[in-house]
Amino acid sequence: MKRIWIAAIFLIAVAALCTYDQLVIKDTFEAISFSAEQAQNAIDNNDLESAAKHCVSISNEWNKRYKMLAIIIEHGSLNDLSVCISGLLHSVDEKDEEAMSESLKECKTMAQMIYENQLPTLENIF
């Protein structure tokens with residue numbers, strides 16, 4: 001009987017960790033996506049100062065959560081997104097609207113791909 005309880009506790013712990021992982025991933029990539037949309041809207045309205053602020057918030061959010069994500073997710077895709085965010089900050093420093101817009105689209109697309117690849121679907125499992 002003790003084995004059943006130990007197995008049940010183990011399964012509950014695994015389910016809790018998996019749920020926490022999914023919440024962290026979802027929250028992180030929703031925040032990045034929202035900030036990218038806000039920055040893109042600011043660029044479209046010729047408000048580079050606001051766009052730069054949103055781009056910096058993307059970088060801050062990413063730096064804050066990278067260590068936890070590195071535990072959960074394969075590093076190659078995270079490093080690719082890190083490089084993309086670095087390029088975004090470089091285009092902010094250069095005040096280049098076109099490069100900033102392209103970097104935002106690329107970062108948003110990469111973040112979306114990482115998020116979708118981490119969803120617990122049968123396609124991702126098998």
# chains A, B, ... in the order shown; residues from 1 in each chain; ligands from 1

call {"tool": "residues_around", "arguments": {"residues": "Tyr115 in chain A", "least_positions_apart": "2", "cutoff": "8 Å", "atoms": "only C-alpha atoms", "output": "PyMOL selection string"}}
result
chain A and resi 25-26+29+111-113+117-119

call {"tool": "atom_distance", "arguments": {"atom1": "CA of Thr19 in chain A", "atom2": "CA of Leu122 in chain A"}}
result
16.2 Å

call {"tool": "residues_around", "arguments": {"residues": "Ser59 in chain A", "least_positions_apart": "6", "cutoff": "12 Å", "atoms": "only C-alpha atoms", "output": "MDAnalysis selection string"}}
result
chainID A and resid 28 31:33 35:36 52:53 65:66 81:90 92 104 107

call {"tool": "closest_residue", "arguments": {"among": "A:Arg3, A:Val24, A:Leu11, A:Glu123", "to": "Ile73 in chain A", "atoms": "only C-alpha atoms"}}
result
A:Val24

call {"tool": "atom_distance", "arguments": {"atom1": "CA of Ala8 in chain A", "atom2": "CA of Gln22 in chain A"}}
result
21.1 Å

call {"tool": "decode", "arguments": {"residues": "range 85-116 of chain A", "atoms": "N, CA and C atoms", "output": "short mmCIF file (atom, residue, chain, number, x, y, z; two decimals), in the first residue's frame"}}
result
data_model
loop_
_atom_site.label_atom_id
_atom_site.label_comp_id
_atom_site.auth_asym_id
_atom_site.auth_seq_id
_atom_site.Cartn_x
_atom_site.Cartn_y
_atom_site.Cartn_z
N ILE A 85 16.90 39.23 -29.61
CA ILE A 85 16.63 40.35 -28.69
C ILE A 85 17.83 41.28 -28.62
N SER A 86 19.04 40.75 -28.69
CA SER A 86 20.23 41.60 -28.72
C SER A 86 20.25 42.46 -29.98
N GLY A 87 19.86 41.86 -31.10
CA GLY A 87 19.75 42.64 -32.34
C GLY A 87 18.68 43.72 -32.25
N LEU A 88 17.61 43.42 -31.54
CA LEU A 88 16.56 44.41 -31.32
C LEU A 88 17.09 45.59 -30.53
N LEU A 89 17.85 45.31 -29.48
CA LEU A 89 18.43 46.40 -28.68
C LEU A 89 19.44 47.20 -29.48
N HIS A 90 20.17 46.53 -30.36
CA HIS A 90 21.12 47.25 -31.22
C HIS A 90 20.37 48.20 -32.16
N SER A 91 19.26 47.75 -32.72
CA SER A 91 18.49 48.63 -33.61
C SER A 91 17.84 49.76 -32.83
N VAL A 92 17.54 49.55 -31.54
CA VAL A 92 17.03 50.64 -30.70
C VAL A 92 18.12 51.68 -30.49
N ASP A 93 19.35 51.21 -30.23
CA ASP A 93 20.47 52.14 -30.04
C ASP A 93 20.75 52.93 -31.31
N GLU A 94 20.58 52.30 -32.46
CA GLU A 94 20.81 52.97 -33.74
C GLU A 94 19.64 53.86 -34.15
N LYS A 95 18.49 53.70 -33.47
CA LYS A 95 17.26 54.43 -33.80
C LYS A 95 16.83 54.18 -35.25
N ASP A 96 16.95 52.92 -35.66
CA ASP A 96 16.60 52.50 -37.01
C ASP A 96 15.21 51.85 -36.98
N GLU A 97 14.21 52.57 -37.49
CA GLU A 97 12.82 52.10 -37.44
C GLU A 97 12.64 50.79 -38.19
N GLU A 98 13.19 50.70 -39.38
CA GLU A 98 13.03 49.49 -40.19
C GLU A 98 13.64 48.27 -39.52
N ALA A 99 14.87 48.42 -39.04
CA ALA A 99 15.55 47.30 -38.38
C ALA A 99 14.82 46.93 -37.10
N MET A 100 14.31 47.93 -36.39
CA MET A 100 13.58 47.66 -35.16
C MET A 100 12.30 46.88 -35.45
N SER A 101 11.60 47.28 -36.48
CA SER A 101 10.37 46.61 -36.87
C SER A 101 10.63 45.16 -37.29
N GLU A 102 11.67 44.96 -38.09
CA GLU A 102 12.01 43.60 -38.52
C GLU A 102 12.44 42.74 -37.34
N SER A 103 13.23 43.32 -36.44
CA SER A 103 13.68 42.56 -35.26
C SER A 103 12.49 42.20 -34.36
N LEU A 104 11.55 43.12 -34.24
CA LEU A 104 10.35 42.83 -33.44
C LEU A 104 9.56 41.67 -34.03
N LYS A 105 9.38 41.69 -35.35
CA LYS A 105 8.65 40.61 -36.00
C LYS A 105 9.37 39.28 -35.82
N GLU A 106 10.69 39.31 -35.97
CA GLU A 106 11.48 38.09 -35.83
C GLU A 106 11.42 37.56 -34.39
N CYS A 107 11.55 38.45 -33.41
CA CYS A 107 11.49 38.03 -32.01
C CYS A 107 10.12 37.46 -31.66
N LYS A 108 9.09 38.12 -32.14
CA LYS A 108 7.73 37.65 -31.86
C LYS A 108 7.49 36.28 -32.49
N THR A 109 7.96 36.09 -33.71
CA THR A 109 7.80 34.81 -34.39
C THR A 109 8.58 33.70 -33.69
N MET A 110 9.82 34.00 -33.29
CA MET A 110 10.63 33.00 -32.60
C MET A 110 10.02 32.63 -31.24
N ALA A 111 9.53 33.64 -30.53
CA ALA A 111 8.90 33.38 -29.24
C ALA A 111 7.66 32.51 -29.41
N GLN A 112 6.88 32.80 -30.44
CA GLN A 112 5.68 32.01 -30.71
C GLN A 112 6.03 30.57 -31.06
N MET A 113 7.09 30.38 -31.84
CA MET A 113 7.51 29.02 -32.20
C MET A 113 7.98 28.24 -30.98
N ILE A 114 8.74 28.90 -30.11
CA ILE A 114 9.21 28.22 -28.89
C ILE A 114 8.01 27.84 -28.03
N TYR A 115 7.08 28.77 -27.87
CA TYR A 115 5.89 28.50 -27.06
C TYR A 115 5.10 27.31 -27.61
N GLU A 116 4.87 27.31 -28.91
CA GLU A 116 4.11 26.23 -29.52
C GLU A 116 4.83 24.89 -29.43
#
